Amino acid sequence: MAAGKRTGQDPKQMTTESAHVILPDGTRIAYTDLAVEASQIEPADHLALRHHSRWRIMGKPQQRLDILAKSTGTLRYGIDFAPEGVVHATVRTNPRKGGAMNGYDAEAAKQMRGVKQVLPVTGGVAVVADNTWRAFAAADAIDIDWGDAPYPAEMDGHWQALADSFNDDQLDSRKRDEGDVDAAFEDTTEVIEAEYRAPYLAHAPLEPSNATVLVGDDRVDVWSGTQVPRFVQANLAKLTGINVDNIHVHVQMMGGSFGQRLETDVESQATEIAMQMKGTPVKLTYRREEDMTHDHPRQIAMARGRGVVRDGKVHGFDLGIAMPSVMSSQMGRQGWSVPGPDLQIVAGAWEQPLKIPNYRVSGYRAPELAPISSWRSVGASTNGFFHDVFLDELIHAAGADPMEERLRLMWHEPSRKVLEAVAEMSDWTTKPGTGRGRGVAFCTSFGVPVAEVIDVTATPDGIRIDNVWVAAEVGRVIDPVNFENLVQGGVIFALGHAINCEITYADGMAEQDNFYAFEGLRMRQAPVIEVRGLENDIHVRGMGEPMVPPAAAALSNAIFAATGQRIREMPMNRHIDFV
């Protein structure tokens, strides 16, 4: 339109390419040359978008520009940033998160080589030294008297708090209540009941938390791999009293997050130290142990299911889920209130497109326990496991085929096509053979229907995961390379945590403080993963999280098919061995 106004030619006779308007005679005018004129024109509101068959970039494989640097160790992350004159710091705060520091003795630390200062920070103490290792060593030498945890000191107390939450007074939401669930249970004496558990989980990115801060009289500069720079700005403005417009956040490449970089503790602590050393850039780095034990982990959760089958079909489904509020805990640390129900308590459960005659999903808000935060796929990370494993139990009780019954119950056509695709990919109708089992799971989360089939073998040394097939409806696959990587990586992430990982508290402190106690899936354990992106919807969807929720359920269902043992709790290695 701007080019037409300038040239007097009909915009309908023009095309666009590579940020240029192409006139009928081939003349090219750059968008930048037209920007001022375009800004003065009311935008068109009814446009026919270019058909995807004419796309030249979207939908085609792309090569990431940072692959070489990432593969050769030359990419610079936040932890690599070191301006001239920087000093190095670390902190120790109460491992009973939220507990007080009653006192400390740092005399031994102050005498250690390279130590410059020992300074107070909120809830703990910081050591400033001439390199990170010396700061770590000195921090270990400080004798600290920690106060008690504001949550149950032992895990039994956490689980009991969840168990006690299944009551009407703590009902947070009931987003799904179809048919007459109570009547369905009155009509039979054969009610199927089960309880499921999912533990706290650390985020555990490879790059430990870090931030570099320089505080001046009227300006603060922060270099950090953060996902929430606006929160960092607001928090540091309150902390320093400096106008928010003078808080400059330089977002760095981050070595993983999975939700951890949604928190702002490390930036605030680094700023507290830098405020006491104005004009000197301070680089704060957490020890791995500090990073793990002071993480705000994934929520702990429990579910209780009651079900009824009739005439070889699932007839009644009643699932209650209890967990603390993720949003209240996470946003509360930013000073935000979260009114109303927390839909993460039922996310990945209530929105499943199934036409069960009597169908109810209830969320119960447990009291605040250990501080928690968003973890990859948030509420759906636990609820996808709860919902689909219980559905699988009911299908087995009905004597139906797990794939056929899910297809029969599925009313949403794009979701049905996802199930049909994964059935075809896995050759579902072919029997897997003696000692082998195949499990299917489905979960819609973040608006994305995902189905997964997992094939396992029961060996004398434990369960071996052989194959995983994943189909997802994403509207359009914008980059098939990135899509495949996200799905395969997400499956590996989900399976490793489902098999091996948990955070448990003893004496109020997290017991797992490094990767040896929080072990991901090993390369030798990794299955063959085949993925397929379906494009039957008109909306482009994201794929960073939706492949996580069905993975644990598909694995549990496969183990049952192979062994007859039904696993209702993660991590699964509490109940069965894995190769």
# chains A, B, ... in the order shown; residues from 1 in each chain; ligands from 1
$ residues_around --residues "Thr457 (chain A)" --least-positions-apart "5" --cutoff "7 Å" --atoms "only C-alpha atoms" --output "CSV table (one decimal) with C-alpha atoms, in the first residue's frame"
chain,number,residue,atom,x,y,z
A,435,GLY,CA,8.6,-60.8,27.0
A,436,ARG,CA,7.8,-57.6,25.1
A,437,GLY,CA,5.1,-55.1,25.7
A,463,ILE,CA,13.2,-53.3,31.4
A,464,ARG,CA,14.8,-52.2,28.1
A,465,ILE,CA,13.1,-49.4,26.1
A,562,ALA,CA,5.2,-56.8,29.1
$ residues_around --residues "Cys501 (chain A)" --least-positions-apart "2" --cutoff "8 Å" --atoms "only C-alpha atoms" --output "ChimeraX atom specification"
/A:201,496-499,503,517-520,570-571
$ write_last_selection --atoms "N, CA and C atoms" --output "mmCIF file, in the first residue's frame"
data_model
loop_
_atom_site.group_PDB
_atom_site.id
_atom_site.type_symbol
_atom_site.label_atom_id
_atom_site.label_comp_id
_atom_site.auth_asym_id
_atom_site.auth_seq_id
_atom_site.Cartn_x
_atom_site.Cartn_y
_atom_site.Cartn_z
ATOM 1 N N LEU A 201 10.723 -32.554 41.327
ATOM 2 C CA LEU A 201 11.822 -32.744 40.378
ATOM 3 C C LEU A 201 12.596 -31.443 40.226
ATOM 4 N N GLY A 496 13.884 -40.120 31.139
ATOM 5 C CA GLY A 496 14.926 -40.130 32.168
ATOM 6 C C GLY A 496 14.374 -39.739 33.522
ATOM 7 N N HIS A 497 13.550 -38.696 33.561
ATOM 8 C CA HIS A 497 12.967 -38.264 34.830
ATOM 9 C C HIS A 497 11.960 -39.287 35.358
ATOM 10 N N ALA A 498 11.172 -39.859 34.462
ATOM 11 C CA ALA A 498 10.169 -40.837 34.907
ATOM 12 C C ALA A 498 10.810 -42.075 35.513
ATOM 13 N N ILE A 499 11.969 -42.449 35.018
ATOM 14 C CA ILE A 499 12.635 -43.665 35.483
ATOM 15 C C ILE A 499 13.459 -43.408 36.744
ATOM 16 N N ILE A 503 13.274 -35.412 43.850
ATOM 17 C CA ILE A 503 13.838 -34.622 44.934
ATOM 18 C C ILE A 503 13.066 -34.992 46.197
ATOM 19 N N ALA A 517 23.019 -38.292 41.815
ATOM 20 C CA ALA A 517 21.816 -38.664 42.548
ATOM 21 C C ALA A 517 20.548 -38.273 41.808
ATOM 22 N N PHE A 518 20.703 -37.734 40.602
ATOM 23 C CA PHE A 518 19.567 -37.251 39.823
ATOM 24 C C PHE A 518 19.908 -37.524 38.361
ATOM 25 N N GLU A 519 19.825 -38.799 38.014
ATOM 26 C CA GLU A 519 20.456 -39.293 36.784
ATOM 27 C C GLU A 519 19.486 -39.300 35.615
ATOM 28 N N GLY A 520 19.892 -38.647 34.536
ATOM 29 C CA GLY A 520 19.100 -38.671 33.315
ATOM 30 C C GLY A 520 19.274 -39.981 32.566
ATOM 31 N N MET A 570 6.101 -42.403 40.091
ATOM 32 C CA MET A 570 7.423 -42.044 39.574
ATOM 33 C C MET A 570 8.290 -41.601 40.759
ATOM 34 N N PRO A 571 9.629 -41.863 40.680
ATOM 35 C CA PRO A 571 10.328 -42.544 39.601
ATOM 36 C C PRO A 571 10.037 -44.044 39.614
#
$ residues_around --residues "region 153-160 of chain A" --least-positions-apart "6" --cutoff "10 Å" --atoms "only C-alpha atoms" --output "CSV table (one decimal) with all heavy atoms, in the first residue's frame"
chain,number,residue,atom,x,y,z
A,96,ARG,N,17.2,-25.4,54.0
A,96,ARG,CA,15.8,-25.6,54.3
A,96,ARG,C,15.1,-24.3,53.8
A,96,ARG,O,14.9,-23.3,54.5
A,96,ARG,CB,15.5,-25.7,55.8
A,96,ARG,CG,16.3,-26.9,56.4
A,96,ARG,CD,16.0,-27.0,57.9
A,96,ARG,NE,16.8,-28.0,58.6
A,96,ARG,CZ,18.0,-27.8,59.2
A,96,ARG,NH1,18.5,-26.5,59.3
A,96,ARG,NH2,18.7,-28.8,59.7
A,197,ARG,N,1.3,-41.2,42.2
A,197,ARG,CA,2.2,-40.3,42.8
A,197,ARG,C,3.2,-39.8,41.8
A,197,ARG,O,3.7,-40.6,41.0
A,197,ARG,CB,2.8,-40.8,44.1
A,197,ARG,CG,1.9,-41.2,45.2
A,197,ARG,CD,2.7,-41.6,46.4
A,197,ARG,NE,1.8,-41.8,47.6
A,197,ARG,CZ,2.2,-41.9,48.8
A,197,ARG,NH1,3.5,-41.9,49.1
A,197,ARG,NH2,1.4,-42.1,49.8
A,199,PRO,N,6.8,-37.2,42.1
A,199,PRO,CA,7.7,-36.5,43.1
A,199,PRO,C,8.0,-35.1,42.7
A,199,PRO,O,7.8,-34.6,41.5
A,199,PRO,CB,8.9,-37.4,43.1
A,199,PRO,CG,9.0,-37.8,41.6
A,199,PRO,CD,7.6,-38.0,41.1
A,300,ILE,N,5.1,-31.5,43.6
A,300,ILE,CA,4.7,-32.9,44.0
A,300,ILE,C,3.2,-33.0,43.8
A,300,ILE,O,2.5,-32.0,43.9
A,300,ILE,CB,5.1,-33.1,45.5
A,300,ILE,CG1,5.0,-34.5,45.9
A,300,ILE,CG2,4.3,-32.2,46.4
A,300,ILE,CD1,5.4,-34.8,47.4
A,301,ALA,N,2.8,-34.2,43.4
A,301,ALA,CA,1.4,-34.3,43.1
A,301,ALA,C,0.9,-35.8,43.4
A,301,ALA,O,1.7,-36.7,43.4
A,301,ALA,CB,1.1,-34.0,41.7
A,302,MET,N,-0.4,-35.9,43.7
A,302,MET,CA,-1.0,-37.2,43.9
A,302,MET,C,-2.4,-37.2,43.2
A,302,MET,O,-3.1,-36.1,43.1
A,302,MET,CB,-1.2,-37.4,45.4
A,302,MET,CG,-1.9,-38.7,45.8
A,302,MET,SD,-2.3,-38.8,47.6
A,302,MET,CE,-0.6,-39.0,48.2
A,323,MET,N,-2.4,-31.1,44.4
A,323,MET,CA,-1.0,-30.6,44.4
A,323,MET,C,-1.1,-29.1,44.9
A,323,MET,O,-2.1,-28.5,44.9
A,323,MET,CB,-0.5,-30.6,43.0
A,323,MET,CG,-1.1,-29.6,42.0
A,323,MET,SD,-0.3,-29.5,40.4
A,323,MET,CE,-0.7,-31.1,39.7
A,366,ALA,N,-3.6,-28.3,47.5
A,366,ALA,CA,-2.9,-28.7,48.7
A,366,ALA,C,-2.3,-27.4,49.3
A,366,ALA,O,-2.1,-26.4,48.6
A,366,ALA,CB,-1.9,-29.7,48.4
A,367,PRO,N,-2.0,-27.4,50.6
A,367,PRO,CA,-1.3,-26.3,51.2
A,367,PRO,C,0.1,-26.1,50.6
A,367,PRO,O,0.6,-27.0,50.0
A,367,PRO,CB,-1.3,-26.6,52.7
A,367,PRO,CG,-1.4,-28.1,52.7
A,367,PRO,CD,-2.2,-28.5,51.6
A,368,GLU,N,0.6,-24.9,50.8
A,368,GLU,CA,2.0,-24.7,50.3
A,368,GLU,C,2.9,-25.6,51.1
A,368,GLU,O,2.9,-25.7,52.3
A,368,GLU,CB,2.4,-23.2,50.5
A,368,GLU,CG,1.6,-22.3,49.6
A,368,GLU,CD,2.2,-20.9,49.6
A,368,GLU,OE1,3.3,-20.7,50.2
A,368,GLU,OE2,1.5,-19.9,49.1
A,369,LEU,N,3.8,-26.2,50.3
A,369,LEU,CA,4.8,-27.1,50.9
A,369,LEU,C,6.2,-26.5,50.6
A,369,LEU,O,6.5,-25.4,50.9
A,369,LEU,CB,4.6,-28.5,50.4
A,369,LEU,CG,3.2,-29.1,50.8
A,369,LEU,CD1,3.0,-30.4,50.0
A,369,LEU,CD2,3.1,-29.4,52.3
A,370,ALA,N,7.1,-27.3,50.0
A,370,ALA,CA,8.3,-26.7,49.5
A,370,ALA,C,8.0,-25.7,48.4
A,370,ALA,O,7.1,-26.0,47.6
A,370,ALA,CB,9.3,-27.8,49.1
A,503,ILE,N,13.3,-35.4,43.9
A,503,ILE,CA,13.8,-34.6,44.9
A,503,ILE,C,13.1,-35.0,46.2
A,503,ILE,O,11.8,-34.9,46.2
A,503,ILE,CB,13.7,-33.1,44.7
A,503,ILE,CG1,14.6,-32.7,43.5
A,503,ILE,CG2,14.1,-32.3,45.9
A,503,ILE,CD1,16.1,-32.9,43.7
A,504,THR,N,13.8,-35.4,47.2
A,504,THR,CA,13.2,-35.8,48.5
A,504,THR,C,13.8,-34.9,49.6
A,504,THR,O,15.0,-34.5,49.5
A,504,THR,CB,13.4,-37.3,48.8
A,504,THR,OG1,14.8,-37.6,48.8
A,504,THR,CG2,12.7,-38.2,47.8
A,505,TYR,N,13.0,-34.7,50.6
A,505,TYR,CA,13.5,-33.8,51.7
A,505,TYR,C,13.6,-34.7,53.0
A,505,TYR,O,12.8,-35.5,53.3
A,505,TYR,CB,12.5,-32.7,52.0
A,505,TYR,CG,12.4,-31.7,50.8
A,505,TYR,CD1,11.5,-31.8,49.8
A,505,TYR,CD2,13.4,-30.7,50.8
A,505,TYR,CE1,11.5,-30.9,48.7
A,505,TYR,CE2,13.3,-29.8,49.7
A,505,TYR,CZ,12.4,-29.9,48.7
A,505,TYR,OH,12.4,-29.0,47.7
A,506,ALA,N,14.8,-34.4,53.6
A,506,ALA,CA,15.0,-35.0,54.9
A,506,ALA,C,15.6,-33.9,55.8
A,506,ALA,O,16.5,-33.2,55.4
A,506,ALA,CB,16.0,-36.2,54.8
A,507,ASP,N,15.1,-33.8,57.0
A,507,ASP,CA,15.4,-32.7,57.9
A,507,ASP,C,15.2,-31.4,57.2
A,507,ASP,O,16.0,-30.4,57.4
A,507,ASP,CB,16.9,-32.9,58.4
A,507,ASP,CG,17.2,-31.9,59.6
A,507,ASP,OD1,16.2,-31.4,60.2
A,507,ASP,OD2,18.4,-31.6,59.8
A,508,GLY,N,14.2,-31.3,56.3
A,508,GLY,CA,13.9,-30.1,55.6
A,508,GLY,C,14.8,-29.8,54.4
A,508,GLY,O,14.6,-28.7,53.8
A,509,MET,N,15.8,-30.6,54.1
A,509,MET,CA,16.8,-30.3,53.1
A,509,MET,C,16.7,-31.3,51.9
A,509,MET,O,16.4,-32.5,52.2
A,509,MET,CB,18.2,-30.4,53.7
A,509,MET,CG,18.4,-29.3,54.7
A,509,MET,SD,20.1,-29.4,55.4
A,509,MET,CE,19.9,-30.8,56.5
A,510,ALA,N,16.8,-30.8,50.7
A,510,ALA,CA,16.8,-31.7,49.5
A,510,ALA,C,18.0,-32.7,49.6
A,510,ALA,O,19.1,-32.2,49.9
A,510,ALA,CB,16.9,-30.9,48.3
$ closest_residue --among "A:Val115, A:Val326, A:Val220, A:Leu236" --to "Gly279 (chain A)" --atoms "only C-alpha atoms"
A:Val220
$ atom_distance --atom1 "CA of Ile192 (chain A)" --atom2 "CA of Arg306 (chain A)"
5.5 Å
$ residues_around --residues "Glu37 (chain A)" --least-positions-apart "2" --cutoff "9 Å" --atoms "only C-alpha atoms" --output "ChimeraX atom specification"
/A:2-3,5-6,33-35,39-41
$ write_last_selection --atoms "C-alpha atoms" --output "CSV table (one decimal), in the first residue's frame"
chain,number,residue,atom,x,y,z
A,2,ALA,CA,2.9,2.4,0.8
A,3,ALA,CA,4.6,1.5,-2.5
A,5,LYS,CA,0.9,5.5,-2.7
A,6,ARG,CA,4.4,6.4,-3.7
A,33,ASP,CA,12.6,2.6,2.5
A,34,LEU,CA,8.8,2.4,2.8
A,35,ALA,CA,8.6,2.2,6.6
A,39,SER,CA,3.4,3.8,9.4
A,40,GLN,CA,0.9,6.4,8.4
A,41,ILE,CA,-1.4,4.0,6.7
$ select_by_dssp --residues "region 150-281 of chain A" --states "strand (DSSP E or B)" --output "PyMOL selection string"
chain A and resi 171-178+192-198+200-201+210-215+220-224+247-251
$ residues_around --residues "Ala526 (chain A)" --least-positions-apart "4" --cutoff "12 Å" --atoms "only C-alpha atoms" --output "PyMOL selection string"
chain A and resi 454+456+464-468+488-489+491-496+520-522+578-579
$ atom_distance --atom1 "CA of Ser373 (chain A)" --atom2 "CA of Gln330 (chain A)"
5.1 Å
$ residues_around --residues "Ala194 (chain A)" --least-positions-apart "2" --cutoff "12 Å" --atoms "only C-alpha atoms" --output "PyMOL selection string"
chain A and resi 191-192+196-197+302-307+317-320+386-387+389-394+566-569
$ select_by_dssp --residues "region 307-394 of chain A" --states "helix (DSSP H, G or I)" --output "ChimeraX atom specification"
/A:326-332,343-345,380-394
$ atom_distance --atom1 "CA of Val378 (chain A)" --atom2 "CA of Val450 (chain A)"
16.0 Å
$ closest_residue --among "A:Ala38, A:Ala202, A:Val314, A:Ile345" --to "Gly399 (chain A)" --atoms "only C-alpha atoms"
A:Val314
$ closest_residue --among "A:Gly255, A:Ser426, A:Phe515, A:Ala441" --to "Val531 (chain A)" --atoms "only C-alpha atoms"
A:Ser426
$ residues_around --residues "region 221-225 of chain A" --least-positions-apart "5" --cutoff "7 Å" --atoms "only C-alpha atoms" --output "list in words"
Gly78, Asn210, Ala211, Thr212, Val213, Leu214, Val215, Ile247, His248, Val249, His250, Val251, Gln252, Met253 and Met254 of chain A
$ closest_residue --among "A:Gly447, A:Pro205, A:Gly533, A:Pro402" --to "Arg476 (chain A)" --atoms "only C-alpha atoms"
A:Gly533
